[in-house]
Amino acid sequence: MSKGIAWLAGETSGDFIASLVLPHVRDRYPDELMVGIGGRRMVDAGLVAWHDSSVLSVRGYVEVLKKLPSLLKLRSEMKRRVQEMQPRAFIGVDAPDFNLAIEEYLRGQGIKTIHLVCPSIWAWRPERIHQIKRAVDHMLLIFPFEKKLMDEAGIESTYIGHPLAREIPMSPDKAQAREKLAQDENMTAFINAEGPLFAVLPGSREAEITWCAPLFFAACERILDFDRRARFLIAAADETRRAQIDTILKKFPRAREASRVLLRDSYGSMQASDAVLVASGTATLEAALFKRPMVVGYAMPGVTGVLMQKKGIIDFVSLPNILAGERLVPELLQYYCKPEALAFALWQAYEKRNDQKLLDRFTAIHESLLRDTPTLAAEAIGSVCG
């Protein structure tokens, strides 16, 4: 009887990267089930889902308390179901606060454990390396500098590159992206108008949008003071977030009139733009890979912000700056995330849209992350599963 492989991916980013790897793993074990927790992309790739990955969509110390009972119940369920299944391996994808505890338990029960996307121990909570060593048989790394950290800790690991580096072209075509958006007759005049075009990404989660979107949209109104021809492409992750964005945008009538909300098309908004205003997170890396100057803004509840700042051990929070080892793009966080400051920095970014030095640095980051990620990941998983 086939054993199968169990997966657990948290949130949209985990669902995306796992969906790239899962088909290659399934090809290695065609007679075995791929089961666990994942999102729409993983299901399309062949996962038999026990739950949707949205059940893990929480952030921050304060916010997680609201869902703690249901999360603990889900964690216990996963431990029980995977142990009963006795799969070839359990693959935890990102979501380290949830996955590492499960992996540590399962490894203690003799089940092979693999973790895809290393926790950001280089950014904060470096003490987590000890739990990783107890919990993980093999770590799959998406950033090259992480290999040295794993080797020093005696943790088996493989650098597989970042999947976004393969998804996003090395030389993105702004004109082509605008032409594609303009094919929608409701967008034609908006896209073809003269003046600067900005992408605005206030986050993909409810709490992020609640805190960041009002500041971002107020900044858009300040930008209109610089140039009344300015236009804004606002990215919404799904229908729920779009409705939330629309509600907030109504409070900023000038920005609303100069904006269009794009559903599930953050890539299109960034590629078509001259510059990007973005909440901290994976989207900052996406903007860098699209070679767009950006401003990173982020705000969160006060208690959560203070606790997370105390855990930080590096000077930067955005991935372009972390990967470059210097401040390539401005970061306006928490108390400094104000509309006037965001608008001024965004206008400066717009004026640097053709800065060759910045474009070269973004290109170097892109090249360092470019690998055959699905194949490398599947090979490493195969070496553990046997």
# chains A, B, ... in the order shown; residues from 1 in each chain; ligands from 1

$ residues_around --residues "Gln271 of chain A" --least-positions-apart "4" --cutoff "8 Å" --atoms "only C-alpha atoms" --output "PyMOL selection string"
chain A and resi 172-174+177+267+290+292

$ write_last_selection --atoms "C-alpha atoms" --output "PDB file, in the first residue's frame"
ATOM      1  CA  PRO A 172       9.957  43.184 -18.051  1.00  0.00           C
ATOM      2  CA  ASP A 173       8.173  45.015 -20.862  1.00  0.00           C
ATOM      3  CA  LYS A 174       6.283  48.035 -19.518  1.00  0.00           C
ATOM      4  CA  ALA A 177       1.931  45.298 -19.859  1.00  0.00           C
ATOM      5  CA  TYR A 267       2.113  41.575 -11.529  1.00  0.00           C
ATOM      6  CA  PHE A 290      10.134  43.778 -12.172  1.00  0.00           C
ATOM      7  CA  ARG A 292      10.633  49.079 -10.591  1.00  0.00           C
TER       8      ARG A 292
END

$ residues_around --residues "segment 351-359 of chain A" --least-positions-apart "5" --cutoff "9 Å" --atoms "only C-alpha atoms" --output "ChimeraX atom specification"
/A:274-275,288,291-293,328,346,364

$ residues_around --residues "segment 333-343 of chain A" --least-positions-apart "4" --cutoff "10 Å" --atoms "only C-alpha atoms" --output "NGL selection string"
:A and (211-212 or 214-226 or 277 or 279-280 or 295-302 or 305-306 or 309 or 317 or 347-349)

$ write_last_selection --atoms "C-alpha atoms" --output "PDB file, in the first residue's frame"
ATOM      1  CA  TRP A 211      -3.643  49.697   8.604  1.00  0.00           C
ATOM      2  CA  CYS A 212      -1.761  50.456   5.379  1.00  0.00           C
ATOM      3  CA  PRO A 214      -5.645  54.614   4.390  1.00  0.00           C
ATOM      4  CA  LEU A 215      -2.063  55.868   4.617  1.00  0.00           C
ATOM      5  CA  PHE A 216      -1.281  54.766   1.066  1.00  0.00           C
ATOM      6  CA  PHE A 217      -4.424  56.344  -0.410  1.00  0.00           C
ATOM      7  CA  ALA A 218      -3.806  59.593   1.455  1.00  0.00           C
ATOM      8  CA  ALA A 219      -0.307  59.557  -0.057  1.00  0.00           C
ATOM      9  CA  CYS A 220      -1.872  59.132  -3.509  1.00  0.00           C
ATOM     10  CA  GLU A 221      -3.836  62.331  -2.942  1.00  0.00           C
ATOM     11  CA  ARG A 222      -0.610  64.125  -2.051  1.00  0.00           C
ATOM     12  CA  ILE A 223       0.951  62.795  -5.276  1.00  0.00           C
ATOM     13  CA  LEU A 224      -1.920  64.417  -7.172  1.00  0.00           C
ATOM     14  CA  ASP A 225      -0.742  67.723  -5.702  1.00  0.00           C
ATOM     15  CA  PHE A 226       2.608  67.112  -7.436  1.00  0.00           C
ATOM     16  CA  LEU A 277       4.177  51.922  -3.310  1.00  0.00           C
ATOM     17  CA  ALA A 279       3.550  47.089   1.912  1.00  0.00           C
ATOM     18  CA  SER A 280       6.533  45.153   3.262  1.00  0.00           C
ATOM     19  CA  VAL A 295       8.784  52.844  -1.591  1.00  0.00           C
ATOM     20  CA  VAL A 296       8.112  50.329   1.162  1.00  0.00           C
ATOM     21  CA  GLY A 297       5.551  51.398   3.733  1.00  0.00           C
ATOM     22  CA  TYR A 298       4.116  49.417   6.627  1.00  0.00           C
ATOM     23  CA  ALA A 299       1.995  50.052   9.688  1.00  0.00           C
ATOM     24  CA  MET A 300       0.474  47.652  12.195  1.00  0.00           C
ATOM     25  CA  PRO A 301      -1.178  47.764  15.631  1.00  0.00           C
ATOM     26  CA  GLY A 302       1.041  49.440  18.190  1.00  0.00           C
ATOM     27  CA  GLY A 305       4.767  46.638  16.185  1.00  0.00           C
ATOM     28  CA  VAL A 306       6.690  47.159  19.414  1.00  0.00           C
ATOM     29  CA  GLN A 309      10.708  45.597  16.565  1.00  0.00           C
ATOM     30  CA  VAL A 317      12.812  44.736   6.586  1.00  0.00           C
ATOM     31  CA  TRP A 347       7.733  60.937  -6.195  1.00  0.00           C
ATOM     32  CA  GLN A 348      11.494  60.648  -5.771  1.00  0.00           C
ATOM     33  CA  ALA A 349      11.259  56.979  -6.771  1.00  0.00           C
TER      34      ALA A 349
END

$ closest_residue --among "A:Gly386, A:Gly39, A:Pro320, A:Gly325" --to "Thr363 of chain A" --atoms "only C-alpha atoms"
A:Pro320

$ residues_around --residues "Met34 of chain A" --least-positions-apart "2" --cutoff "7 Å" --atoms "only C-alpha atoms" --output "number ranges by chain"
A: 4-6, 32, 46-48

$ select_by_dssp --residues "segment 256-384 of chain A" --states "strand (DSSP E)" --output "PDB file with N, CA and C atoms, in the first residue's frame"
ATOM      1  N   SER A 259      -7.822  56.267  -9.759  1.00  0.00           N
ATOM      2  CA  SER A 259      -7.378  54.890  -9.526  1.00  0.00           C
ATOM      3  C   SER A 259      -8.244  53.877 -10.262  1.00  0.00           C
ATOM      4  N   ARG A 260      -7.651  52.710 -10.449  1.00  0.00           N
ATOM      5  CA  ARG A 260      -8.378  51.526 -10.878  1.00  0.00           C
ATOM      6  C   ARG A 260      -7.892  50.364 -10.006  1.00  0.00           C
ATOM      7  N   VAL A 261      -8.823  49.552  -9.536  1.00  0.00           N
ATOM      8  CA  VAL A 261      -8.469  48.410  -8.702  1.00  0.00           C
ATOM      9  C   VAL A 261      -8.394  47.167  -9.583  1.00  0.00           C
ATOM     10  N   LEU A 262      -7.240  46.516  -9.580  1.00  0.00           N
ATOM     11  CA  LEU A 262      -7.031  45.312 -10.376  1.00  0.00           C
ATOM     12  C   LEU A 262      -7.155  44.088  -9.484  1.00  0.00           C
ATOM     13  N   LEU A 263      -8.000  43.160  -9.876  1.00  0.00           N
ATOM     14  CA  LEU A 263      -8.229  41.953  -9.097  1.00  0.00           C
ATOM     15  C   LEU A 263      -7.252  40.867  -9.511  1.00  0.00           C
ATOM     16  N   ALA A 275       6.543  53.412 -10.933  1.00  0.00           N
ATOM     17  CA  ALA A 275       7.085  53.234  -9.581  1.00  0.00           C
ATOM     18  C   ALA A 275       6.005  52.582  -8.732  1.00  0.00           C
ATOM     19  N   VAL A 276       6.429  52.020  -7.585  1.00  0.00           N
ATOM     20  CA  VAL A 276       5.535  51.187  -6.777  1.00  0.00           C
ATOM     21  C   VAL A 276       5.541  51.659  -5.327  1.00  0.00           C
ATOM     22  N   LEU A 277       4.343  51.725  -4.747  1.00  0.00           N
ATOM     23  CA  LEU A 277       4.177  51.922  -3.310  1.00  0.00           C
ATOM     24  C   LEU A 277       3.666  50.602  -2.757  1.00  0.00           C
ATOM     25  N   VAL A 278       4.423  49.979  -1.851  1.00  0.00           N
ATOM     26  CA  VAL A 278       4.147  48.589  -1.500  1.00  0.00           C
ATOM     27  C   VAL A 278       4.310  48.346  -0.006  1.00  0.00           C
ATOM     28  N   ALA A 279       3.408  47.531   0.539  1.00  0.00           N
ATOM     29  CA  ALA A 279       3.550  47.089   1.912  1.00  0.00           C
ATOM     30  C   ALA A 279       4.701  46.086   1.990  1.00  0.00           C
ATOM     31  N   MET A 294      10.767  51.710  -5.930  1.00  0.00           N
ATOM     32  CA  MET A 294       9.646  51.518  -5.005  1.00  0.00           C
ATOM     33  C   MET A 294       9.862  52.264  -3.708  1.00  0.00           C
ATOM     34  N   VAL A 295       8.768  52.397  -2.976  1.00  0.00           N
ATOM     35  CA  VAL A 295       8.784  52.844  -1.591  1.00  0.00           C
ATOM     36  C   VAL A 295       8.070  51.781  -0.788  1.00  0.00           C
ATOM     37  N   VAL A 296       8.695  51.346   0.290  1.00  0.00           N
ATOM     38  CA  VAL A 296       8.112  50.329   1.162  1.00  0.00           C
ATOM     39  C   VAL A 296       7.520  51.032   2.377  1.00  0.00           C
ATOM     40  N   GLY A 297       6.223  50.835   2.566  1.00  0.00           N
ATOM     41  CA  GLY A 297       5.551  51.398   3.733  1.00  0.00           C
ATOM     42  C   GLY A 297       4.869  50.302   4.517  1.00  0.00           C
ATOM     43  N   TYR A 298       4.798  50.443   5.841  1.00  0.00           N
ATOM     44  CA  TYR A 298       4.116  49.417   6.627  1.00  0.00           C
ATOM     45  C   TYR A 298       3.718  49.992   7.979  1.00  0.00           C
ATOM     46  N   GLU A 331      12.418  52.682   3.224  1.00  0.00           N
ATOM     47  CA  GLU A 331      11.488  51.965   4.079  1.00  0.00           C
ATOM     48  C   GLU A 331      10.895  52.957   5.083  1.00  0.00           C
ATOM     49  N   LEU A 332       9.601  53.149   5.011  1.00  0.00           N
ATOM     50  CA  LEU A 332       8.901  54.040   5.931  1.00  0.00           C
ATOM     51  C   LEU A 332       7.942  53.182   6.760  1.00  0.00           C
ATOM     52  N   LEU A 333       8.349  52.909   7.988  1.00  0.00           N
ATOM     53  CA  LEU A 333       7.667  51.904   8.792  1.00  0.00           C
ATOM     54  C   LEU A 333       7.056  52.509  10.049  1.00  0.00           C
TER      55      LEU A 333
END

$ residues_around --residues "segment 76-84 of chain A" --least-positions-apart "5" --cutoff "8 Å" --atoms "only C-alpha atoms" --output "list in words"
Ala6, Phe90, Ile102, Tyr105, Leu106, Gln109 and Ile111 of chain A

$ atom_distance --atom1 "atom CA of Val25 of chain A" --atom2 "atom CA of Ala153 of chain A"
27.2 Å

$ residues_around --residues "segment 67-74 of chain A" --least-positions-apart "5" --cutoff "9 Å" --atoms "only C-alpha atoms" --output "short mmCIF file (atom, residue, chain, number, x, y, z; two decimals) with N, CA and C atoms, in the first residue's frame"
data_model
loop_
_atom_site.label_atom_id
_atom_site.label_comp_id
_atom_site.auth_asym_id
_atom_site.auth_seq_id
_atom_site.Cartn_x
_atom_site.Cartn_y
_atom_site.Cartn_z
N VAL A 55 -7.04 28.77 6.37
CA VAL A 55 -7.24 28.57 7.80
C VAL A 55 -6.03 29.04 8.61
N LEU A 56 -4.89 29.23 7.95
CA LEU A 56 -3.68 29.65 8.65
C LEU A 56 -3.36 31.13 8.42
N VAL A 58 -3.13 34.31 9.41
CA VAL A 58 -3.12 35.25 10.53
C VAL A 58 -1.75 35.90 10.58
N LYS A 79 -1.14 16.48 13.41
CA LYS A 79 -0.23 15.51 14.02
C LYS A 79 -0.83 14.11 13.98
N PHE A 98 3.57 27.52 12.79
CA PHE A 98 2.65 26.38 12.81
C PHE A 98 3.37 25.09 12.45
#

$ select_by_dssp --residues "segment 173-297 of chain A" --states "helix (DSSP H, G or I)" --output "number ranges by chain"
A: 174-182, 188-192, 206-226, 239-249, 253-257, 266-272, 282-289

$ atom_distance --atom1 "atom CA of Ile234 of chain A" --atom2 "atom CA of Thr12 of chain A"
18.3 Å

$ atom_distance --atom1 "atom CA of Glu167 of chain A" --atom2 "atom CA of Ile37 of chain A"
23.6 Å

$ residues_around --residues "Leu141 of chain A" --least-positions-apart "3" --cutoff "7 Å" --atoms "only C-alpha atoms" --output "PDB file with N, CA and C atoms, in the first residue's frame"
ATOM      1  N   LEU A 116      10.070  23.683   3.430  1.00  0.00           N
ATOM      2  CA  LEU A 116      10.288  24.496   2.229  1.00  0.00           C
ATOM      3  C   LEU A 116      10.074  25.965   2.570  1.00  0.00           C
ATOM      4  N   VAL A 117      11.096  26.759   2.378  1.00  0.00           N
ATOM      5  CA  VAL A 117      11.190  28.189   2.723  1.00  0.00           C
ATOM      6  C   VAL A 117      11.668  28.323   4.168  1.00  0.00           C
ATOM      7  N   CYS A 118      12.922  28.617   4.302  1.00  0.00           N
ATOM      8  CA  CYS A 118      13.533  28.729   5.631  1.00  0.00           C
ATOM      9  C   CYS A 118      12.957  29.911   6.403  1.00  0.00           C
ATOM     10  N   GLU A 146      21.358  31.775   2.883  1.00  0.00           N
ATOM     11  CA  GLU A 146      20.875  30.912   3.961  1.00  0.00           C
ATOM     12  C   GLU A 146      21.670  29.609   4.074  1.00  0.00           C
ATOM     13  N   SER A 157      20.590  20.826   3.919  1.00  0.00           N
ATOM     14  CA  SER A 157      19.800  21.816   3.190  1.00  0.00           C
ATOM     15  C   SER A 157      20.202  21.852   1.722  1.00  0.00           C
ATOM     16  N   THR A 158      19.317  22.409   0.909  1.00  0.00           N
ATOM     17  CA  THR A 158      19.570  22.595  -0.515  1.00  0.00           C
ATOM     18  C   THR A 158      19.057  23.970  -0.930  1.00  0.00           C
ATOM     19  N   TYR A 159      19.908  24.734  -1.604  1.00  0.00           N
ATOM     20  CA  TYR A 159      19.465  26.016  -2.156  1.00  0.00           C
ATOM     21  C   TYR A 159      18.780  25.737  -3.486  1.00  0.00           C
ATOM     22  N   ILE A 160      17.512  26.102  -3.594  1.00  0.00           N
ATOM     23  CA  ILE A 160      16.731  25.786  -4.787  1.00  0.00           C
ATOM     24  C   ILE A 160      16.381  27.018  -5.610  1.00  0.00           C
TER      25      ILE A 160
END

$ closest_residue --among "A:His51, A:Ala199, A:Ile365, A:Pro119" --to "Ser273 of chain A" --atoms "only C-alpha atoms"
A:Ala199
